[in-house]
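S.K.: One structure follows; several queries about it will come next.
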Amino acid sequence: AILLLVSFVITPLSSNAQMGEESLSFLANLVNQIAEQLASLQNELLAQVSGGSVSATVETGSVGDPDDMAIWVHPTDPSQSLVLATNKNGGLLVYDLAGARLQSISLGEINNVDLRYGFMLGGQPIDVMTATDRDDDTIAIYKINPSTRRLENIAARTIGSGNSLIYGLAMYKSPTTGKIYTFVSHKDGIVQQWELFESGGKIDAKKVRQFDNGGQTEGVVADDELGYFYAAEETG
């Protein structure tokens with residue numbers, strides 16, 4: 001794979017976190033160094049494959065219009081881990097590590113997907129996956145069942161973002177509170193942070209923050225350990 005670095009903004013996940021100019025300068029220099037290293041790696045990879053061919057070790061069958069995926073690691077047997085993928089032509093797909101399809105869920109135009117471990121539901125930890133549905137600008141919520149290795153819809157209701165053109169998605173688990181959040185981005189640049197919570201044995205969500213990233217935004221990711229959120233601005 002060839003890595004390309006896109007521009008992004010860095011936003012503290014805690015409103016109490018304060019950063020001085022020296023810290024911001026350090027982060028900016030660090031980003032530049034990473035960009036240079038990735039550019040160098042890209043050139044090396046291009047040189048290695050120039051004039052040759054690259055074949056997959058494992059691959060799935062054709063699925064239409066795949067977009068995003070997340071890897072779930074089984075709690076006791078890594079060989080039973082799963083690849084959770086989206087198909088913009090109609091749903092969610094679950095694969096084993098050999099590329100065999102285990103489950104297909106017909107939904108709308110599912111775009112991006114992410115997961116987090118250890119959401120407390122009924123006093124028990126479960127692993128949760130969320131995804132964006134561009135058909136109706138909603139957030140899908142599923143439980144990952146480690147016994148059946150299947151997804152189970154666990155949303156307490158239809159969770160609409162209240163904004164059109166929902167796009168990217170990333171999840172975040174606070175290392176201090178243990179709360180789990182889902183970030184969603186929109187084509188108009190609006191980014192929202194939703195807190196997941198238990199409701200009647202299922203999972204609901206409430207919007208706790210929203211900001212304008214300034215341009216079309218899809219790629220987003222959160223760093224659980226450092227408490228930072230990264231958003232790629234495609235245009236703006």
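As shown in the structure tokens, the chain order sets the letters A, B, ...; within each chain, residues go from 1, and ligands are also counted from 1 in the order they appear.
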Skipping near chain neighbours, those fewer than 3 positions away, what residues fall within 8 Å of Val83 in chain A using only C-alpha atoms, listed as a PDB file with N, CA and C atoms, in the first residue's frame?

M.R.:
ATOM      1  N   MET A  69     -13.284   0.104   6.157  1.00  0.00           N
ATOM      2  CA  MET A  69     -13.321  -1.136   6.938  1.00  0.00           C
ATOM      3  C   MET A  69     -12.628  -0.917   8.281  1.00  0.00           C
ATOM      4  N   ALA A  70     -12.932  -1.798   9.227  1.00  0.00           N
ATOM      5  CA  ALA A  70     -12.293  -1.802  10.538  1.00  0.00           C
ATOM      6  C   ALA A  70     -12.029  -3.249  10.928  1.00  0.00           C
ATOM      7  N   ILE A  71     -10.941  -3.480  11.649  1.00  0.00           N
ATOM      8  CA  ILE A  71     -10.577  -4.833  12.062  1.00  0.00           C
ATOM      9  C   ILE A  71     -10.888  -5.017  13.543  1.00  0.00           C
ATOM     10  N   TRP A  72     -11.714  -6.022  13.832  1.00  0.00           N
ATOM     11  CA  TRP A  72     -12.057  -6.361  15.210  1.00  0.00           C
ATOM     12  C   TRP A  72     -11.222  -7.556  15.634  1.00  0.00           C
ATOM     13  N   VAL A  94     -19.279  -8.577   6.793  1.00  0.00           N
ATOM     14  CA  VAL A  94     -18.387  -9.143   7.803  1.00  0.00           C
ATOM     15  C   VAL A  94     -17.596 -10.278   7.155  1.00  0.00           C
ATOM     16  N   TYR A  95     -16.247 -10.223   7.296  1.00  0.00           N
ATOM     17  CA  TYR A  95     -15.374 -11.231   6.712  1.00  0.00           C
ATOM     18  C   TYR A  95     -14.486 -11.848   7.788  1.00  0.00           C
ATOM     19  N   ASP A  96     -14.089 -13.099   7.560  1.00  0.00           N
ATOM     20  CA  ASP A  96     -13.055 -13.683   8.413  1.00  0.00           C
ATOM     21  C   ASP A  96     -11.703 -13.283   7.837  1.00  0.00           C
ATOM     22  N   LEU A  97     -10.615 -13.721   8.476  1.00  0.00           N
ATOM     23  CA  LEU A  97      -9.282 -13.297   8.057  1.00  0.00           C
ATOM     24  C   LEU A  97      -8.823 -13.961   6.765  1.00  0.00           C
TER      25      LEU A  97
END

S.K.: Give me the residues near Ile203 in chain A as a list of chain:residue names, where near means some atom within 7 Å (using only C-alpha atoms) and where sequence neighbours in that chain fewer than 2 positions away do not count.

M.R.: A:Ile154, A:Ala155, A:Ala156, A:Leu196, A:Phe197, A:Glu198, A:Ser199, A:Ala205

S.K.: Go through A:Met120, A:Thr158, A:Leu165, A:Gly219 and flag the residue nearest Thr177 in chain A, using only C-alpha atoms for the distances.

M.R.: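 Ranking A:Met120, A:Thr158, A:Leu165, A:Gly219 by distance to Thr177 in chain A, first place goes to A:Met120.
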
S.K.: For Ala100 in chain A, find every residue with an atom within 9 Å (counting only C-alpha atoms), except residues of its own chain fewer than 6 positions away, and show them as a VMD selection string.

M.R.: chain A and resid 59 to 61 94

S.K.: Output C-alpha atoms for every residue in that selection, as a compact mmCIF listing (two decimals), in the first residue's frame.

M.R.:
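Below is the file that was written, selection_15.txt:
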# COMPACT_ATOMS: atom_id res chain seq x y z
CA GLU A 59 -8.73 -10.95 -0.77
CA THR A 60 -12.51 -10.94 -0.73
CA GLY A 61 -14.84 -11.34 -3.66
CA VAL A 94 -18.39 -9.14 7.80

S.K.: Give me, as a PDB file with N, CA, C and O atoms, in the first residue's frame, all polymer residues having an atom no more than 12 Å from Leu151 in chain A, counting only C-alpha atoms and skipping those fewer than 2 positions away in the same chain.

M.R.:
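Wrote it out as around-v5.pdb, contents follow:
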ATOM      1  N   TRP A  72     -11.714  -6.022  13.832  1.00  0.00           N
ATOM      2  CA  TRP A  72     -12.057  -6.361  15.210  1.00  0.00           C
ATOM      3  C   TRP A  72     -11.222  -7.556  15.634  1.00  0.00           C
ATOM      4  O   TRP A  72     -11.186  -8.581  14.949  1.00  0.00           O
ATOM      5  N   LEU A  82     -12.202 -10.417  12.925  1.00  0.00           N
ATOM      6  CA  LEU A  82     -13.077 -10.099  11.805  1.00  0.00           C
ATOM      7  C   LEU A  82     -12.669  -8.808  11.100  1.00  0.00           C
ATOM      8  O   LEU A  82     -12.074  -7.914  11.712  1.00  0.00           O
ATOM      9  N   VAL A  83     -13.041  -8.725   9.836  1.00  0.00           N
ATOM     10  CA  VAL A  83     -12.941  -7.484   9.071  1.00  0.00           C
ATOM     11  C   VAL A  83     -14.366  -6.985   8.833  1.00  0.00           C
ATOM     12  O   VAL A  83     -15.178  -7.685   8.216  1.00  0.00           O
ATOM     13  N   LEU A  84     -14.670  -5.805   9.346  1.00  0.00           N
ATOM     14  CA  LEU A  84     -15.990  -5.194   9.183  1.00  0.00           C
ATOM     15  C   LEU A  84     -15.891  -4.144   8.095  1.00  0.00           C
ATOM     16  O   LEU A  84     -15.114  -3.194   8.212  1.00  0.00           O
ATOM     17  N   ALA A  85     -16.665  -4.306   7.042  1.00  0.00           N
ATOM     18  CA  ALA A  85     -16.514  -3.449   5.869  1.00  0.00           C
ATOM     19  C   ALA A  85     -17.841  -2.833   5.445  1.00  0.00           C
ATOM     20  O   ALA A  85     -18.914  -3.337   5.779  1.00  0.00           O
ATOM     21  N   LEU A  92     -23.542  -3.443   5.226  1.00  0.00           N
ATOM     22  CA  LEU A  92     -22.361  -3.826   5.984  1.00  0.00           C
ATOM     23  C   LEU A  92     -21.983  -5.263   5.660  1.00  0.00           C
ATOM     24  O   LEU A  92     -22.854  -6.109   5.436  1.00  0.00           O
ATOM     25  N   LEU A  93     -20.689  -5.532   5.667  1.00  0.00           N
ATOM     26  CA  LEU A  93     -20.186  -6.859   5.353  1.00  0.00           C
ATOM     27  C   LEU A  93     -19.221  -7.304   6.443  1.00  0.00           C
ATOM     28  O   LEU A  93     -18.439  -6.501   6.953  1.00  0.00           O
ATOM     29  N   VAL A  94     -19.279  -8.577   6.793  1.00  0.00           N
ATOM     30  CA  VAL A  94     -18.387  -9.143   7.803  1.00  0.00           C
ATOM     31  C   VAL A  94     -17.596 -10.278   7.155  1.00  0.00           C
ATOM     32  O   VAL A  94     -18.180 -11.191   6.557  1.00  0.00           O
ATOM     33  N   TYR A  95     -16.247 -10.223   7.296  1.00  0.00           N
ATOM     34  CA  TYR A  95     -15.374 -11.231   6.712  1.00  0.00           C
ATOM     35  C   TYR A  95     -14.486 -11.848   7.788  1.00  0.00           C
ATOM     36  O   TYR A  95     -14.145 -11.187   8.783  1.00  0.00           O
ATOM     37  N   LEU A 102     -18.901 -13.726   6.071  1.00  0.00           N
ATOM     38  CA  LEU A 102     -19.672 -14.403   7.101  1.00  0.00           C
ATOM     39  C   LEU A 102     -21.063 -13.810   7.268  1.00  0.00           C
ATOM     40  O   LEU A 102     -21.987 -14.503   7.708  1.00  0.00           O
ATOM     41  N   GLN A 103     -21.212 -12.530   6.923  1.00  0.00           N
ATOM     42  CA  GLN A 103     -22.488 -11.853   7.141  1.00  0.00           C
ATOM     43  C   GLN A 103     -22.617 -10.668   6.193  1.00  0.00           C
ATOM     44  O   GLN A 103     -21.636 -10.005   5.872  1.00  0.00           O
ATOM     45  N   SER A 104     -23.836 -10.450   5.739  1.00  0.00           N
ATOM     46  CA  SER A 104     -24.149  -9.294   4.903  1.00  0.00           C
ATOM     47  C   SER A 104     -25.432  -8.659   5.434  1.00  0.00           C
ATOM     48  O   SER A 104     -26.449  -9.340   5.558  1.00  0.00           O
ATOM     49  N   ILE A 105     -25.374  -7.385   5.766  1.00  0.00           N
ATOM     50  CA  ILE A 105     -26.529  -6.674   6.313  1.00  0.00           C
ATOM     51  C   ILE A 105     -26.965  -5.602   5.328  1.00  0.00           C
ATOM     52  O   ILE A 105     -26.207  -4.681   5.000  1.00  0.00           O
ATOM     53  N   LEU A 115     -14.889   1.040  15.312  1.00  0.00           N
ATOM     54  CA  LEU A 115     -15.323   0.236  16.459  1.00  0.00           C
ATOM     55  C   LEU A 115     -14.516   0.595  17.692  1.00  0.00           C
ATOM     56  O   LEU A 115     -13.429   1.165  17.608  1.00  0.00           O
ATOM     57  N   ILE A 126     -19.225  -4.807  26.202  1.00  0.00           N
ATOM     58  CA  ILE A 126     -19.444  -5.318  24.853  1.00  0.00           C
ATOM     59  C   ILE A 126     -18.624  -4.471  23.882  1.00  0.00           C
ATOM     60  O   ILE A 126     -18.214  -3.358  24.193  1.00  0.00           O
ATOM     61  N   ASP A 127     -18.386  -5.018  22.707  1.00  0.00           N
ATOM     62  CA  ASP A 127     -17.673  -4.290  21.666  1.00  0.00           C
ATOM     63  C   ASP A 127     -18.698  -3.712  20.691  1.00  0.00           C
ATOM     64  O   ASP A 127     -19.649  -4.390  20.296  1.00  0.00           O
ATOM     65  N   VAL A 128     -18.484  -2.456  20.307  1.00  0.00           N
ATOM     66  CA  VAL A 128     -19.481  -1.709  19.539  1.00  0.00           C
ATOM     67  C   VAL A 128     -18.884  -1.191  18.238  1.00  0.00           C
ATOM     68  O   VAL A 128     -17.736  -0.736  18.192  1.00  0.00           O
ATOM     69  N   MET A 129     -19.673  -1.278  17.180  1.00  0.00           N
ATOM     70  CA  MET A 129     -19.322  -0.723  15.879  1.00  0.00           C
ATOM     71  C   MET A 129     -20.364   0.313  15.478  1.00  0.00           C
ATOM     72  O   MET A 129     -21.564   0.097  15.689  1.00  0.00           O
ATOM     73  N   THR A 130     -19.925   1.437  14.925  1.00  0.00           N
ATOM     74  CA  THR A 130     -20.854   2.426  14.396  1.00  0.00           C
ATOM     75  C   THR A 130     -20.487   2.724  12.943  1.00  0.00           C
ATOM     76  O   THR A 130     -19.346   2.518  12.518  1.00  0.00           O
ATOM     77  N   ALA A 140     -25.561   4.273  12.373  1.00  0.00           N
ATOM     78  CA  ALA A 140     -25.924   2.897  12.715  1.00  0.00           C
ATOM     79  C   ALA A 140     -25.070   2.428  13.888  1.00  0.00           C
ATOM     80  O   ALA A 140     -23.890   2.781  13.986  1.00  0.00           O
ATOM     81  N   ILE A 141     -25.658   1.631  14.793  1.00  0.00           N
ATOM     82  CA  ILE A 141     -24.929   1.117  15.953  1.00  0.00           C
ATOM     83  C   ILE A 141     -25.144  -0.398  16.045  1.00  0.00           C
ATOM     84  O   ILE A 141     -26.280  -0.859  16.091  1.00  0.00           O
ATOM     85  N   TYR A 142     -24.048  -1.145  16.091  1.00  0.00           N
ATOM     86  CA  TYR A 142     -24.119  -2.603  16.157  1.00  0.00           C
ATOM     87  C   TYR A 142     -23.204  -3.146  17.252  1.00  0.00           C
ATOM     88  O   TYR A 142     -22.130  -2.602  17.518  1.00  0.00           O
ATOM     89  N   LYS A 143     -23.659  -4.216  17.875  1.00  0.00           N
ATOM     90  CA  LYS A 143     -22.844  -4.979  18.817  1.00  0.00           C
ATOM     91  C   LYS A 143     -22.100  -6.057  18.038  1.00  0.00           C
ATOM     92  O   LYS A 143     -22.656  -6.683  17.129  1.00  0.00           O
ATOM     93  N   ILE A 144     -20.836  -6.297  18.403  1.00  0.00           N
ATOM     94  CA  ILE A 144     -20.064  -7.376  17.801  1.00  0.00           C
ATOM     95  C   ILE A 144     -20.124  -8.564  18.752  1.00  0.00           C
ATOM     96  O   ILE A 144     -19.599  -8.509  19.862  1.00  0.00           O
ATOM     97  N   ASN A 145     -20.792  -9.625  18.323  1.00  0.00           N
ATOM     98  CA  ASN A 145     -20.959 -10.805  19.168  1.00  0.00           C
ATOM     99  C   ASN A 145     -19.756 -11.735  18.995  1.00  0.00           C
ATOM    100  O   ASN A 145     -19.567 -12.306  17.922  1.00  0.00           O
ATOM    101  N   PRO A 146     -18.931 -11.908  20.041  1.00  0.00           N
ATOM    102  CA  PRO A 146     -17.731 -12.732  19.898  1.00  0.00           C
ATOM    103  C   PRO A 146     -18.023 -14.222  19.751  1.00  0.00           C
ATOM    104  O   PRO A 146     -17.189 -14.971  19.228  1.00  0.00           O
ATOM    105  N   SER A 147     -19.194 -14.669  20.191  1.00  0.00           N
ATOM    106  CA  SER A 147     -19.545 -16.094  20.093  1.00  0.00           C
ATOM    107  C   SER A 147     -19.983 -16.464  18.682  1.00  0.00           C
ATOM    108  O   SER A 147     -19.533 -17.474  18.120  1.00  0.00           O
ATOM    109  N   THR A 148     -20.853 -15.632  18.105  1.00  0.00           N
ATOM    110  CA  THR A 148     -21.361 -15.920  16.766  1.00  0.00           C
ATOM    111  C   THR A 148     -20.517 -15.277  15.672  1.00  0.00           C
ATOM    112  O   THR A 148     -20.642 -15.627  14.504  1.00  0.00           O
ATOM    113  N   ARG A 149     -19.683 -14.292  16.063  1.00  0.00           N
ATOM    114  CA  ARG A 149     -18.887 -13.513  15.115  1.00  0.00           C
ATOM    115  C   ARG A 149     -19.792 -12.831  14.086  1.00  0.00           C
ATOM    116  O   ARG A 149     -19.510 -12.782  12.901  1.00  0.00           O
ATOM    117  N   ASN A 153     -27.803  -5.474  15.565  1.00  0.00           N
ATOM    118  CA  ASN A 153     -28.289  -4.094  15.691  1.00  0.00           C
ATOM    119  C   ASN A 153     -28.690  -3.833  17.134  1.00  0.00           C
ATOM    120  O   ASN A 153     -29.527  -4.528  17.697  1.00  0.00           O
ATOM    121  N   ILE A 154     -28.095  -2.798  17.722  1.00  0.00           N
ATOM    122  CA  ILE A 154     -28.366  -2.527  19.127  1.00  0.00           C
ATOM    123  C   ILE A 154     -28.730  -1.058  19.352  1.00  0.00           C
ATOM    124  O   ILE A 154     -28.732  -0.570  20.488  1.00  0.00           O
ATOM    125  N   ALA A 155     -29.076  -0.358  18.282  1.00  0.00           N
ATOM    126  CA  ALA A 155     -29.466   1.051  18.395  1.00  0.00           C
ATOM    127  C   ALA A 155     -30.828   1.170  19.060  1.00  0.00           C
ATOM    128  O   ALA A 155     -31.768   0.452  18.711  1.00  0.00           O
TER     129      ALA A 155
END

S.K.: Tell me which of A:Ala47, A:Ile190, A:Leu41, A:Leu27 sits closest to Ser161 in chain A, counting only C-alpha atoms.

M.R.: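 Checking each of A:Ala47, A:Ile190, A:Leu41, A:Leu27 against Ser161 in chain A, counting only C-alpha atoms, the winner is A:Ile190.
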
S.K.: Using DSSP on the backbone coordinates, identify all residues within range 31-232 of chain A classified as alpha helix (DSSP H); present the result as a PyMOL selection string.

M.R.: chain A and resi 31-49

S.K.: Determine the nearest neighbour of Arg116 in chain A from the options A:Gly178, A:Gly214, A:Gly99, A:Gly160, counting only C-alpha atoms.

M.R.: A:Gly178

S.K.: Ranking A:Ser55, A:Leu38, A:Arg150, A:Asp114 by minimum distance to His74 in chain A and counting only C-alpha atoms, which one comes first?

M.R.: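 Residue with the minimum atom-to-atom distance to His74 in chain A: A:Arg150.
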
S.K.: Can you list every residue in range 19-234 of chain A that DSSP puts in strand (DSSP E), as a ChimeraX atom specification?

M.R.: /A:66-72,82-87,91-95,101-106,110-121,124-133,138-145,150-153,159-160,166-173,180-186,190-199,202-212,217-223,228-233

S.K.: Which one of A:Val220, A:Leu45, A:Ile139, A:Ala98 sits closest to Ile110 in chain A if you count only C-alpha atoms?

M.R.: A:Ile139

S.K.: Please compute the CA of Gly90 in chain A-CA of Thr182 in chain A distance, one decimal, in Å.

M.R.: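 Atom-to-atom, CA of Gly90 in chain A to CA of Thr182 in chain A, that is 21.5 Å.
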
S.K.: Looking at A:Asn89, A:Ser79, A:Gln193, A:Ser40, which one is nearest to Gly64 in chain A, with distances taken over only C-alpha atoms?

M.R.: A:Asn89
